[in-house]
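Data file: query38.cif. Format and content: mmCIF, C-alpha atoms.
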```cif
data_coords
loop_
_atom_site.label_atom_id
_atom_site.label_comp_id
_atom_site.auth_asym_id
_atom_site.auth_seq_id
_atom_site.Cartn_x
_atom_site.Cartn_y
_atom_site.Cartn_z
CA MET A 716 111.97 -2.82 -25.33
CA CYS A 717 108.37 -2.81 -26.44
CA LEU A 718 108.75 -6.42 -27.44
CA ALA A 719 105.95 -8.52 -26.04
CA MET A 720 106.70 -12.22 -25.64
CA PRO A 721 104.22 -14.88 -26.67
CA GLY A 722 103.59 -17.65 -24.19
CA LYS A 723 100.96 -20.21 -23.26
CA ILE A 724 98.91 -19.98 -20.10
CA VAL A 725 99.19 -23.29 -18.23
CA ALA A 726 97.50 -22.27 -14.97
CA ILE A 727 95.67 -19.33 -13.40
CA ALA A 728 95.39 -18.52 -9.70
CA GLU A 729 93.36 -15.40 -8.87
CA SER A 730 94.63 -12.80 -11.36
CA VAL A 731 98.07 -14.32 -11.90
CA ALA A 732 98.76 -16.75 -14.72
CA THR A 733 101.58 -19.24 -15.01
CA VAL A 734 102.79 -18.72 -18.56
CA GLU A 735 105.17 -21.00 -20.41
CA PHE A 736 107.68 -19.32 -22.71
CA GLY A 737 109.57 -21.96 -24.65
CA GLY A 738 109.95 -24.26 -21.65
CA VAL A 739 110.50 -21.53 -19.03
CA THR A 740 107.54 -20.52 -16.89
CA ARG A 741 106.88 -17.11 -15.39
CA ALA A 742 104.15 -15.59 -13.24
CA ILE A 743 102.27 -13.11 -15.43
CA SER A 744 99.62 -10.71 -14.16
CA LEU A 745 96.22 -10.78 -15.85
CA ASP A 746 95.30 -7.32 -14.51
CA LEU A 747 95.27 -5.96 -18.08
CA LEU A 748 93.72 -9.07 -19.68
CA PRO A 749 91.26 -10.60 -17.22
CA GLU A 750 89.43 -12.53 -19.96
CA ALA A 751 92.44 -14.79 -20.73
CA CYS A 752 91.96 -18.50 -20.05
CA VAL A 753 94.15 -21.55 -19.46
CA GLY A 754 95.37 -22.80 -22.85
CA ASN A 755 95.36 -19.32 -24.44
CA TYR A 756 98.50 -17.95 -26.05
CA VAL A 757 99.11 -14.40 -24.86
CA LEU A 758 101.50 -11.57 -25.60
CA ALA A 759 103.19 -10.69 -22.33
CA HIS A 760 105.26 -7.61 -21.61
CA ALA A 761 107.02 -6.63 -18.38
CA GLY A 762 105.12 -9.17 -16.32
CA PHE A 763 101.66 -8.45 -17.72
CA ALA A 764 99.60 -10.18 -20.41
CA LEU A 765 98.43 -7.63 -23.01
CA GLN A 766 96.57 -9.62 -25.66
CA VAL A 767 95.38 -13.10 -26.58
CA ILE A 768 96.95 -14.30 -29.85
CA GLU A 769 96.91 -17.36 -32.09
CA GLU A 770 99.49 -20.07 -31.51
CA GLU A 771 101.16 -19.55 -34.92
CA GLU A 772 101.93 -15.95 -34.02
CA ALA A 773 104.35 -17.09 -31.33
CA GLY A 774 107.08 -18.37 -33.67
CA GLU A 775 108.53 -15.29 -35.31
CA ILE A 776 108.40 -13.12 -32.20
CA LEU A 777 110.27 -15.80 -30.25
CA ALA A 778 112.94 -15.88 -32.98
CA ILE A 779 113.48 -12.11 -32.74
CA PHE A 780 113.67 -12.31 -28.97
CA ALA A 781 116.23 -15.13 -29.04
CA GLU A 782 118.35 -13.10 -31.45
CA MET A 783 118.25 -10.03 -29.21
CA GLU A 784 119.15 -12.10 -26.17
CA ARG A 785 122.13 -13.46 -28.09
CA LEU A 786 123.28 -9.96 -29.05
CA ASP A 787 122.86 -8.72 -25.48
CA SER A 788 124.96 -11.55 -24.12
CA VAL A 789 127.67 -10.90 -26.71
CA GLU A 790 127.75 -7.20 -25.84
CA SER A 791 127.79 -7.76 -22.10
CA THR A 792 130.94 -9.83 -22.33
CA CYS A 793 132.81 -7.12 -24.27
CA MET B 808 106.19 -19.29 -48.39
CA SER B 809 109.48 -18.34 -50.13
CA GLN B 810 107.53 -17.97 -53.38
CA THR B 811 105.16 -15.60 -51.63
CA ILE B 812 108.03 -13.58 -50.20
CA GLU B 813 109.62 -13.31 -53.65
CA GLN B 814 106.31 -12.14 -55.06
CA LEU B 815 106.08 -9.50 -52.36
CA TYR B 816 109.56 -8.20 -53.17
CA HIS B 817 108.61 -8.12 -56.84
CA ARG B 818 105.46 -6.16 -56.08
CA ILE B 819 107.47 -3.65 -54.03
CA GLU B 820 109.81 -3.20 -56.99
CA GLU B 821 106.84 -2.49 -59.26
CA LEU B 822 105.37 0.03 -56.82
CA THR B 823 108.54 2.07 -56.31
CA PRO B 824 108.96 4.29 -59.36
CA ASN B 825 110.23 7.30 -57.43
CA ARG B 826 112.28 8.05 -54.35
CA ILE B 827 110.20 7.20 -51.29
CA ASN B 828 110.88 7.34 -47.55
CA LEU B 829 109.08 5.03 -45.15
CA MET B 830 109.77 5.14 -41.43
CA GLU B 831 109.65 2.14 -39.13
CA VAL B 832 108.84 3.71 -35.80
CA CYS B 833 109.53 0.70 -33.62
CA GLY B 834 112.97 -0.48 -32.56
CA THR B 835 111.82 -4.09 -32.67
CA HIS B 836 110.92 -3.58 -36.33
CA THR B 837 114.37 -2.13 -36.97
CA VAL B 838 115.88 -5.31 -35.56
CA ALA B 839 113.45 -7.56 -37.47
CA ILE B 840 114.09 -5.73 -40.77
CA SER B 841 117.84 -6.11 -40.28
CA ARG B 842 117.64 -9.70 -39.08
CA LEU B 843 115.46 -10.75 -42.01
CA GLY B 844 117.77 -8.99 -44.49
CA ILE B 845 114.90 -6.90 -45.86
CA ARG B 846 116.83 -3.64 -46.38
CA SER B 847 119.26 -5.16 -48.82
CA ARG B 848 116.41 -6.61 -50.92
CA LEU B 849 114.48 -3.36 -51.39
CA PRO B 850 114.79 -1.04 -54.40
CA HIS B 851 117.41 1.63 -53.88
CA LYS B 852 114.82 4.34 -54.29
CA LEU B 853 112.99 3.04 -51.22
CA ARG B 854 114.57 4.16 -47.98
CA LEU B 855 113.51 2.69 -44.65
CA LEU B 856 114.23 5.30 -42.00
CA SER B 857 114.52 4.29 -38.36
CA GLY B 858 112.41 6.51 -36.15
CA PRO B 859 112.43 7.43 -32.48
CA GLY B 860 110.98 4.07 -31.48
CA CYS B 861 113.44 2.92 -28.86
CA PRO B 862 112.36 4.20 -25.44
CA VAL B 863 115.83 3.65 -24.01
CA CYS B 864 117.43 5.68 -26.82
CA VAL B 865 115.17 8.70 -26.29
CA SER B 866 115.58 8.84 -22.50
CA PRO B 867 117.46 12.11 -21.89
CA ALA B 868 120.96 12.15 -20.45
CA GLY B 869 119.60 14.24 -17.56
CA TYR B 870 117.21 11.40 -16.71
CA ILE B 871 120.09 8.93 -16.47
CA ASP B 872 121.96 11.45 -14.25
CA SER B 873 118.94 11.62 -11.93
CA LEU B 874 118.72 7.82 -11.73
CA ILE B 875 122.39 7.72 -10.73
CA GLU B 876 121.83 10.46 -8.13
CA ILE B 877 119.04 8.37 -6.59
CA ALA B 878 120.99 5.10 -6.75
CA LEU B 879 123.88 6.68 -4.83
CA GLN B 880 121.69 7.77 -1.91
CA PRO B 881 122.11 5.69 1.27
CA GLY B 882 119.25 3.30 1.98
CA THR B 883 118.00 3.44 -1.59
CA THR B 884 117.91 0.82 -4.34
CA LEU B 885 117.22 1.73 -7.94
CA THR B 886 115.36 -0.92 -9.93
CA THR B 887 115.35 -0.89 -13.70
CA PHE B 888 114.91 -2.84 -16.92
CA GLY B 889 118.31 -4.10 -18.03
CA ASP B 890 118.20 -2.09 -21.29
CA LEU B 891 118.90 1.12 -19.41
CA LEU B 892 122.14 0.07 -17.67
CA ARG B 893 124.62 1.03 -20.36
CA VAL B 894 122.88 4.17 -21.66
CA PRO B 895 125.24 7.12 -21.21
CA GLY B 896 124.22 9.96 -18.90
CA SER B 897 125.96 13.31 -19.22
CA VAL B 898 129.04 11.85 -17.47
CA ARG B 899 128.54 8.12 -17.05
CA SER B 900 126.08 5.26 -17.29
CA LEU B 901 124.25 3.46 -14.49
CA LYS B 902 126.54 0.50 -15.00
CA GLN B 903 129.61 2.68 -14.50
CA ALA B 904 128.01 4.26 -11.41
CA VAL B 905 127.66 0.84 -9.79
CA ALA B 906 131.45 0.83 -9.39
CA SER B 907 131.07 4.01 -7.29
CA GLY B 908 128.54 2.38 -4.97
CA ALA B 909 125.28 2.99 -6.80
CA LYS B 910 122.76 0.30 -5.84
CA VAL B 911 121.05 -0.93 -8.97
CA LYS B 912 118.87 -3.99 -9.36
CA VAL B 913 117.79 -5.23 -12.78
CA LEU B 914 114.21 -6.47 -13.04
CA TYR B 915 111.96 -7.95 -15.67
CA SER B 916 108.74 -6.35 -14.42
CA PRO B 917 107.71 -3.35 -12.31
CA LEU B 918 105.78 -5.89 -10.21
CA GLU B 919 109.16 -7.25 -9.07
CA ALA B 920 110.02 -3.77 -7.77
CA LEU B 921 106.77 -3.84 -5.80
CA GLU B 922 107.63 -7.24 -4.37
CA PHE B 923 111.18 -6.12 -3.54
CA ALA B 924 109.79 -3.06 -1.73
CA ARG B 925 107.35 -5.27 0.18
CA GLN B 926 110.15 -7.57 1.35
CA ASN B 927 112.58 -4.74 2.18
CA SER B 928 110.50 -2.20 4.08
CA GLY B 929 113.62 -0.39 5.33
CA VAL B 930 114.81 0.32 1.79
CA GLU B 931 113.56 3.12 -0.45
CA VAL B 932 112.93 1.41 -3.78
CA VAL B 933 112.75 3.45 -6.98
CA PHE B 934 111.72 2.08 -10.35
CA ALA B 935 113.08 3.66 -13.55
CA ALA B 936 109.78 4.01 -15.39
CA VAL B 937 110.92 4.07 -19.01
CA GLY B 938 108.74 2.95 -21.88
CA PHE B 939 106.13 3.66 -24.50
CA GLU B 940 102.44 2.81 -24.51
CA THR B 941 103.30 -0.90 -24.33
CA THR B 942 105.03 -0.52 -20.97
CA LEU B 943 103.14 2.36 -19.37
CA PRO B 944 100.02 0.32 -18.51
CA THR B 945 102.22 -2.16 -16.62
CA ILE B 946 103.58 0.73 -14.56
CA ALA B 947 100.10 2.14 -13.98
CA ALA B 948 98.83 -1.28 -12.86
CA THR B 949 101.81 -1.69 -10.51
CA ILE B 950 101.16 1.74 -8.95
CA ILE B 951 97.54 0.81 -8.34
CA GLN B 952 98.61 -2.48 -6.74
CA ALA B 953 101.13 -0.60 -4.57
CA GLU B 954 98.44 1.80 -3.41
CA GLN B 955 96.02 -1.02 -2.62
CA SER B 956 98.76 -2.81 -0.65
CA GLY B 957 99.71 0.31 1.33
CA ILE B 958 103.34 0.20 0.15
CA VAL B 959 105.11 3.43 1.14
CA ASN B 960 108.75 2.70 0.19
CA LEU B 961 108.29 2.50 -3.58
CA SER B 962 108.38 5.33 -6.09
CA PHE B 963 108.82 5.82 -9.84
CA LEU B 964 111.10 8.17 -11.74
CA MET B 965 108.98 8.76 -14.80
CA ALA B 966 110.33 8.83 -18.34
CA GLY B 967 107.33 7.34 -20.12
CA ARG B 968 106.92 8.52 -23.69
CA LEU B 969 104.04 8.39 -26.18
CA ALA B 970 104.83 7.27 -29.70
CA VAL B 971 101.94 8.82 -31.62
CA PRO B 972 102.69 12.47 -30.65
CA ALA B 973 106.35 11.89 -31.55
CA MET B 974 105.32 10.71 -35.02
CA SER B 975 103.19 13.84 -35.45
CA ALA B 976 106.08 16.03 -34.29
CA LEU B 977 108.40 14.54 -36.92
CA LEU B 978 105.88 15.40 -39.62
CA GLN B 979 105.58 18.96 -38.37
CA THR B 980 109.29 19.72 -38.51
CA ASN B 981 109.53 19.20 -42.27
CA ASP B 982 113.16 18.16 -41.77
CA VAL B 983 112.59 15.03 -43.77
CA ARG B 984 109.79 13.85 -46.03
CA ILE B 985 108.08 10.78 -44.58
CA ASP B 986 105.80 9.09 -47.10
CA GLY B 987 104.42 6.47 -44.76
CA PHE B 988 104.75 4.95 -41.32
CA ILE B 989 105.33 1.29 -40.51
CA CYS B 990 103.52 1.60 -37.19
CA PRO B 991 104.75 -0.17 -34.06
CA GLY B 992 103.13 -3.56 -33.50
CA HIS B 993 103.16 -3.87 -29.75
CA VAL B 994 102.48 -0.22 -29.00
CA SER B 995 99.42 -0.69 -31.22
CA VAL B 996 98.31 -3.72 -29.16
CA VAL B 997 97.64 -1.19 -26.37
CA THR B 998 96.67 1.97 -28.28
CA GLY B 999 94.67 0.22 -31.00
CA SER B 1000 94.87 1.01 -34.70
CA ASP B 1001 92.48 3.96 -34.29
CA ALA B 1002 95.19 5.90 -32.44
CA PHE B 1003 96.96 6.51 -35.75
CA LYS B 1004 93.91 8.07 -37.41
CA THR B 1005 95.04 11.47 -36.14
CA ILE B 1006 98.22 11.19 -38.25
CA VAL B 1007 96.24 10.32 -41.34
CA GLU B 1008 93.69 13.05 -40.75
CA ARG B 1009 96.15 15.83 -39.91
CA PHE B 1010 99.01 15.04 -42.27
CA ALA B 1011 97.56 12.69 -44.94
CA VAL B 1012 100.45 10.28 -44.34
CA PRO B 1013 99.55 6.58 -44.69
CA CYS B 1014 100.02 4.30 -41.69
CA ALA B 1015 100.32 0.50 -41.62
CA ILE B 1016 100.12 -1.43 -38.35
CA THR B 1017 102.69 -4.18 -38.70
CA GLY B 1018 103.63 -7.50 -37.13
CA PHE B 1019 107.12 -8.96 -36.97
CA GLU B 1020 107.23 -11.65 -39.63
CA ALA B 1021 108.77 -10.96 -43.04
CA VAL B 1022 105.39 -11.27 -44.73
CA ASP B 1023 103.91 -8.72 -42.29
CA ILE B 1024 106.62 -6.16 -42.90
CA LEU B 1025 106.64 -6.60 -46.68
CA SER B 1026 102.83 -6.47 -46.82
CA SER B 1027 102.86 -3.21 -44.91
CA ILE B 1028 105.47 -1.72 -47.26
CA ILE B 1029 103.19 -2.69 -50.15
CA SER B 1030 100.13 -1.18 -48.43
CA LEU B 1031 102.00 2.09 -47.89
CA LEU B 1032 103.33 2.22 -51.47
CA GLU B 1033 99.89 1.51 -52.92
CA MET B 1034 98.33 4.27 -50.84
CA LYS B 1035 101.11 6.69 -51.75
CA ASN B 1036 100.83 5.92 -55.45
CA ASN B 1037 97.06 6.42 -55.31
CA SER B 1038 97.39 9.63 -53.27
CA GLU B 1039 95.38 8.01 -50.51
CA ALA B 1040 96.04 7.94 -46.80
CA SER B 1041 94.44 5.69 -44.24
CA VAL B 1042 95.34 3.37 -41.39
CA VAL B 1043 95.79 -0.19 -42.62
CA ASN B 1044 95.96 -2.89 -39.97
CA ASN B 1045 98.21 -5.71 -41.17
CA TYR B 1046 98.57 -7.10 -37.64
CA LEU B 1047 94.93 -8.05 -37.11
CA ARG B 1048 96.04 -11.11 -35.17
CA ALA B 1049 97.01 -8.93 -32.21
CA VAL B 1050 95.77 -5.38 -32.78
CA LYS B 1051 92.16 -4.28 -32.42
CA PRO B 1052 90.79 -0.86 -33.43
CA GLY B 1053 90.46 0.20 -29.80
CA GLY B 1054 93.49 -1.69 -28.47
CA ASN B 1055 93.51 -2.95 -24.91
CA LEU B 1056 90.77 -0.90 -23.27
CA ILE B 1057 91.71 -1.81 -19.71
CA ALA B 1058 95.34 -0.81 -20.31
CA ARG B 1059 94.28 2.51 -21.82
CA GLN B 1060 91.87 3.21 -18.99
CA LEU B 1061 94.54 2.50 -16.35
CA MET B 1062 96.92 4.92 -18.08
CA GLU B 1063 94.24 7.60 -18.00
CA GLN B 1064 93.54 6.89 -14.35
CA VAL B 1065 97.17 7.19 -13.21
CA PHE B 1066 98.90 9.57 -15.64
CA ASP B 1067 98.52 13.10 -16.95
CA VAL B 1068 99.95 13.80 -20.40
CA VAL B 1069 102.76 16.38 -20.41
CA ASP B 1070 105.35 17.86 -22.76
CA SER B 1071 108.56 15.87 -22.58
CA GLU B 1072 112.15 15.86 -23.78
CA TRP B 1073 113.34 13.21 -26.25
CA ARG B 1074 117.08 12.77 -26.37
CA GLY B 1075 118.50 14.13 -29.59
CA ILE B 1076 115.14 15.49 -30.69
CA GLY B 1077 114.09 18.03 -28.06
CA VAL B 1078 110.82 18.75 -26.30
CA ILE B 1079 107.73 17.31 -27.98
CA PRO B 1080 104.32 18.61 -26.86
CA ALA B 1081 102.02 16.15 -25.09
CA SER B 1082 104.44 13.26 -25.59
CA GLY B 1083 105.17 12.17 -22.01
CA VAL B 1084 103.37 11.33 -18.80
CA LYS B 1085 103.53 12.31 -15.16
CA LEU B 1086 101.68 10.88 -12.20
CA LYS B 1087 98.31 12.40 -11.42
CA ALA B 1088 98.06 14.30 -8.11
CA ALA B 1089 96.18 11.38 -6.53
CA TYR B 1090 99.29 9.20 -7.03
CA SER B 1091 101.96 11.85 -6.35
CA ARG B 1092 103.32 9.96 -3.36
CA PHE B 1093 104.76 7.48 -5.86
CA ASP B 1094 106.61 10.25 -7.74
CA ALA B 1095 110.36 9.82 -7.13
CA GLU B 1096 111.13 13.32 -8.41
CA ALA B 1097 109.03 14.84 -5.64
CA LYS B 1098 109.98 12.27 -3.01
CA PHE B 1099 113.72 12.81 -3.49
CA GLY B 1100 113.46 16.54 -4.25
CA ILE B 1101 115.34 16.18 -7.50
CA SER B 1102 114.78 17.82 -10.82
CA ILE B 1103 115.73 16.19 -14.10
CA GLU B 1104 118.05 18.53 -15.97
CA LYS B 1105 116.88 19.24 -19.48
CA GLN B 1106 118.57 19.53 -22.85
CA LEU B 1107 122.11 18.62 -21.87
CA SER B 1108 124.58 18.77 -24.71
CA HIS B 1109 125.19 15.66 -26.76
CA PRO B 1110 128.53 13.94 -27.33
CA VAL B 1111 130.54 15.63 -30.07
CA GLY B 1112 129.93 14.03 -33.44
CA CYS B 1113 127.09 11.75 -32.26
CA SER B 1114 124.23 11.76 -34.75
CA CYS B 1115 121.65 9.79 -32.75
CA GLY B 1116 119.22 12.71 -32.94
CA GLU B 1117 119.52 12.90 -36.72
CA VAL B 1118 119.14 9.11 -36.99
CA MET B 1119 115.98 9.09 -34.85
CA ARG B 1120 114.47 11.91 -36.91
CA GLY B 1121 115.16 10.06 -40.14
CA LEU B 1122 117.70 12.63 -41.38
CA LEU B 1123 120.59 10.18 -41.47
CA LEU B 1124 120.94 6.44 -41.74
CA PRO B 1125 123.10 5.02 -38.93
CA ASP B 1126 126.12 4.31 -41.11
CA GLU B 1127 126.08 7.89 -42.37
CA CYS B 1128 127.20 9.04 -38.89
CA PRO B 1129 130.97 9.74 -38.92
CA LEU B 1130 131.41 7.85 -35.64
CA PHE B 1131 129.60 4.70 -36.81
CA GLY B 1132 131.84 1.65 -36.53
CA ASN B 1133 134.84 3.80 -35.71
CA ALA B 1134 134.62 5.66 -32.41
CA CYS B 1135 131.15 4.18 -31.77
CA GLU B 1136 130.31 0.51 -31.66
CA PRO B 1137 128.27 -1.69 -29.29
CA SER B 1138 131.22 -2.48 -27.01
CA SER B 1139 132.09 1.24 -26.67
CA PRO B 1140 128.94 3.19 -27.55
CA VAL B 1141 128.99 6.97 -27.82
CA GLY B 1142 125.25 7.49 -28.28
CA PRO B 1143 122.18 5.65 -27.04
CA CYS B 1144 121.25 4.25 -30.49
CA MET B 1145 124.36 2.09 -30.36
CA VAL B 1146 123.69 0.99 -26.76
CA SER B 1147 120.29 -0.56 -26.91
CA THR B 1148 119.89 -3.77 -28.88
CA GLU B 1149 116.84 -2.09 -30.41
CA GLY B 1150 118.74 1.06 -31.30
CA ALA B 1151 119.00 1.71 -35.02
CA CYS B 1152 122.79 2.01 -34.95
CA ALA B 1153 123.20 -1.27 -33.05
CA ALA B 1154 120.87 -3.04 -35.51
CA TYR B 1155 122.89 -1.76 -38.48
CA TYR B 1156 126.17 -2.62 -36.77
CA ASN B 1157 125.12 -6.11 -35.73
CA TYR B 1158 123.72 -7.05 -39.13
CA GLY B 1159 126.03 -5.02 -41.36
CA GLN B 1160 123.37 -3.86 -43.80
CA SER B 1161 123.14 -0.32 -44.96
CA GLY B 1162 120.37 -0.98 -47.45
CA ARG B 1163 121.89 1.59 -49.75
CA ILE B 1164 123.98 1.51 -52.89
#
```
Show how you would write the structure in this file as structure tokens.
Amino acid sequence: MCLAMPGKIVAIAESVATVEFGGVTRAISLDLLPEACVGNYVLAHAGFALQVIEEEEAGEILAIFAEMERLDSVESTC
Amino acid sequence: MSQTIEQLYHRIEELTPNRINLMEVCGTHTVAISRLGIRSRLPHKLRLLSGPGCPVCVSPAGYIDSLIEIALQPGTTLTTFGDLLRVPGSVRSLKQAVASGAKVKVLYSPLEALEFARQNSGVEVVFAAVGFETTLPTIAATIIQAEQSGIVNLSFLMAGRLAVPAMSALLQTNDVRIDGFICPGHVSVVTGSDAFKTIVERFAVPCAITGFEAVDILSSIISLLEMKNNSEASVVNNYLRAVKPGGNLIARQLMEQVFDVVDSEWRGIGVIPASGVKLKAAYSRFDAEAKFGISIEKQLSHPVGCSCGEVMRGLLLPDECPLFGNACEPSSPVGPCMVSTEGACAAYYNYGQSGRI
């Protein structure tokens, strides 16, 4: 559950960013990462951005997350 | 890239002359190692032990019981991350309690609990505050926002845990020899790589901060083996892309502002000194334990035969538990390590790799 999701900031209003995660957008607080800018890739966890990262970093983390989502959905139907 | 990966495996083979135990502390690493098929490619003398790195797995049964007690109270809604729903309490899980009228709402962020409280002023909203250093700053920031907004119908039942003291505690028990730690990537984003210096200085056990790609994990194994073979111990940061020496300073400062560090119980392990948090007196009005006058019962007995505690301390691999795959599987879990997707037992079950002969 410590998994932080990589996403791209597409807009910022006050201290809340609109972050795109593989086509889905979420409102993400920048309270913990006020220096983040539009266009940055960030690691986001539980609604908060924690760190700016490089774009390439996003790929593998997204793959792990997709796998865990798949396993969760399998288990929840059991 | 595949050539590089093969070279890394070859190097690991060269560096593993003797039996060696490395522990991956983070549940996300356990999943990544299983998903990438790394265990089955390592020399048999090299054991990767899964540590206590799944916050859901280490939340005590008494904590789940207290969440259920709160969720059954009239006029109250319990909000939680979805991971916690199926974790067994001493009698039942939150999910099972919903059938008895417990009001439980699954959220993605503690900020959603704040928003829900704002929109439902007649409802007492409680957030199940589970998590390690990655999650705790988000809870601290939410509490500060709640205070600034004058929200009075929101509180937090705390079960935050700190990974670094737990790693130190494992080394102090001498139950199992740990030759190196594959340190958690996203915990380290907050704590910084310097947080692990204490482990190196006190116990001379090498630490490698690690990302989630195969090359990251294999590189960290190599770093740890090289240090071990040279009788050296230091903190190597192989996740420089995301982890700085000091971590996220704002997140760390918010944790210090809102929380005091306390001793805390880890399910299956016991009480670990200075490994949990409670709200500072200035924020005590957000403490659900005080608000609801409840007390989380400690050290309840574990299900007969369940070896989650031994698995999280590195004493057993998941498939060495007699219940594994028989009485205990993800659709009917006995212990928390089989419940959470990041639990070591669930990772072994889902990917079917023991990594042993």
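As for atom CA of B:Met830 and atom CA of B:Gln1060, they are spaced 28.8 Å apart.
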Legend entry - Expected selection from the PyMOL selection byres ((chain B and resi 910) around 9), given as a ChimeraX atom specification: /B:875,877-881,883-886,904-905,908-909,911-912
Within 8 Å of chain A, which residues of chain B show up when using all atoms listed in the file, listed as a tab-separated table (two decimals) with C-alpha atoms, keeping the file's coordinate frame?
```tsv
chain	number	residue	atom	x	y	z
B	834	GLY	CA	112.97	-0.48	-32.56
B	835	THR	CA	111.82	-4.09	-32.67
B	838	VAL	CA	115.88	-5.31	-35.56
B	839	ALA	CA	113.45	-7.56	-37.47
B	842	ARG	CA	117.64	-9.70	-39.08
B	861	CYS	CA	113.44	2.92	-28.86
B	862	PRO	CA	112.36	4.20	-25.44
B	863	VAL	CA	115.83	3.65	-24.01
B	890	ASP	CA	118.20	-2.09	-21.29
B	915	TYR	CA	111.96	-7.95	-15.67
B	916	SER	CA	108.74	-6.35	-14.42
B	917	PRO	CA	107.71	-3.35	-12.31
B	918	LEU	CA	105.78	-5.89	-10.21
B	938	GLY	CA	108.74	2.95	-21.88
B	939	PHE	CA	106.13	3.66	-24.50
B	941	THR	CA	103.30	-0.90	-24.33
B	942	THR	CA	105.03	-0.52	-20.97
B	944	PRO	CA	100.02	0.32	-18.51
B	945	THR	CA	102.22	-2.16	-16.62
B	948	ALA	CA	98.83	-1.28	-12.86
B	993	HIS	CA	103.16	-3.87	-29.75
B	994	VAL	CA	102.48	-0.22	-29.00
B	996	VAL	CA	98.31	-3.72	-29.16
B	997	VAL	CA	97.64	-1.19	-26.37
B	1019	PHE	CA	107.12	-8.96	-36.97
B	1020	GLU	CA	107.23	-11.65	-39.63
B	1048	ARG	CA	96.04	-11.11	-35.17
B	1049	ALA	CA	97.01	-8.93	-32.21
B	1055	ASN	CA	93.51	-2.95	-24.91
B	1057	ILE	CA	91.71	-1.81	-19.71
B	1058	ALA	CA	95.34	-0.81	-20.31
B	1137	PRO	CA	128.27	-1.69	-29.29
B	1138	SER	CA	131.22	-2.48	-27.01
B	1148	THR	CA	119.89	-3.77	-28.88
B	1149	GLU	CA	116.84	-2.09	-30.41
B	1157	ASN	CA	125.12	-6.11	-35.73
```
Legend entry - stretch 1073-1076 of chain B surroundings by all atoms listed in the file, 10 Å radius, close-in-sequence under 4 positions cut, as an NGL selection string: :B and (859 or 862-870 or 966 or 968 or 973 or 976-977 or 1082-1083 or 1105-1109 or 1113-1120 or 1142-1143)
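Between atom CA of A:Ala728 and atom CA of B:Ala935 the interatomic distance comes to 28.6 Å.
Pairwise distance (atom CA of B:Phe1066, atom CA of B:Ser956) equals 19.4 Å.
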Inset, instruction - Might you pull out every residue within 12 Å of B:Glu820, with all atoms listed in the file counted and same-chain residues fewer than 4 positions away left off, and present them as a list of chain:residue names? - result: B:Glu813, B:Gln814, B:Leu815, B:Tyr816, B:Pro824, B:Asn825, B:Arg826, B:Ile827, B:Arg848, B:Leu849, B:Pro850, B:His851, B:Lys852, B:Leu853, B:Leu1025, B:Ile1028, B:Ile1029, B:Leu1032, B:Glu1033
Inset, instruction - Could you please give me, as a list of chain:residue names, the residues of protein, DNA or RNA lying at most 12 Å from (106.9, -23.2, -21.7) in the coordinate frame of the file, considering all atoms listed in the file? - result: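 Residues with an atom at most 12 Å from (106.9, -23.2, -21.7): A:Met720, A:Pro721, A:Gly722, A:Lys723, A:Ile724, A:Val725, A:Ala726, A:Thr733, A:Val734, A:Glu735, A:Phe736, A:Gly737, A:Gly738, A:Val739, A:Thr740, A:Arg741, A:Ala742, A:Gly754, A:Tyr756, A:Ala773, A:Leu777.
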Inset, instruction - Expand the PyMOL selection byres ((chain B and resi 987) around 7) into the individual residues it matches in the shown file, reporting them as a PyMOL selection string. - result: chain B and resi 829-830+985-986+988-989+1012-1014+1031
Using C-alpha atoms, can you export the residues from the last selection as a tab-separated table (two decimals), in the coordinates of the input?
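Final output, saved to result25.tsv:
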```
chain	number	residue	atom	x	y	z
B	829	LEU	CA	109.08	5.03	-45.15
B	830	MET	CA	109.77	5.14	-41.43
B	985	ILE	CA	108.08	10.78	-44.58
B	986	ASP	CA	105.80	9.09	-47.10
B	988	PHE	CA	104.75	4.95	-41.32
B	989	ILE	CA	105.33	1.29	-40.51
B	1012	VAL	CA	100.45	10.28	-44.34
B	1013	PRO	CA	99.55	6.58	-44.69
B	1014	CYS	CA	100.02	4.30	-41.69
B	1031	LEU	CA	102.00	2.09	-47.89
```
Give me the box for stretch 759-768 of chain A as JSON, namely the centre and edge lengths in Å to one decimal of a box along x, y and z that holds every listed atom plus 8 Å on each side.
```
{"center_x": 101.2, "center_y": -10.5, "center_z": -23.1, "size_x": 27.6, "size_y": 23.7, "size_z": 29.5}
```
Inset, instruction - Using all atoms listed in the file, determine which residues lie at most 9 Å from B:Ile1006, disregarding the query and same-chain residues fewer than 5 positions distant; provide the list as a VMD selection string. - result: chain B and resid 971 to 972 974 to 975 978 1011 to 1014 1041 to 1042
Inset, instruction - For the file shown, report as a list in words the outcome of the PyMOL selection byres ((chain B and resi 921) around 10) at residue level. - result: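 Those residues are Thr886, Ser916, Pro917, Leu918, Glu919, Ala920, Glu922, Phe923, Ala924, Arg925, Gln926, Asn927, Val932, Val933, Phe934, Thr949, Ile950, Gln952, Ala953, Ser956, Ile958, Asn960, Leu961 and Ser962 of chain B.
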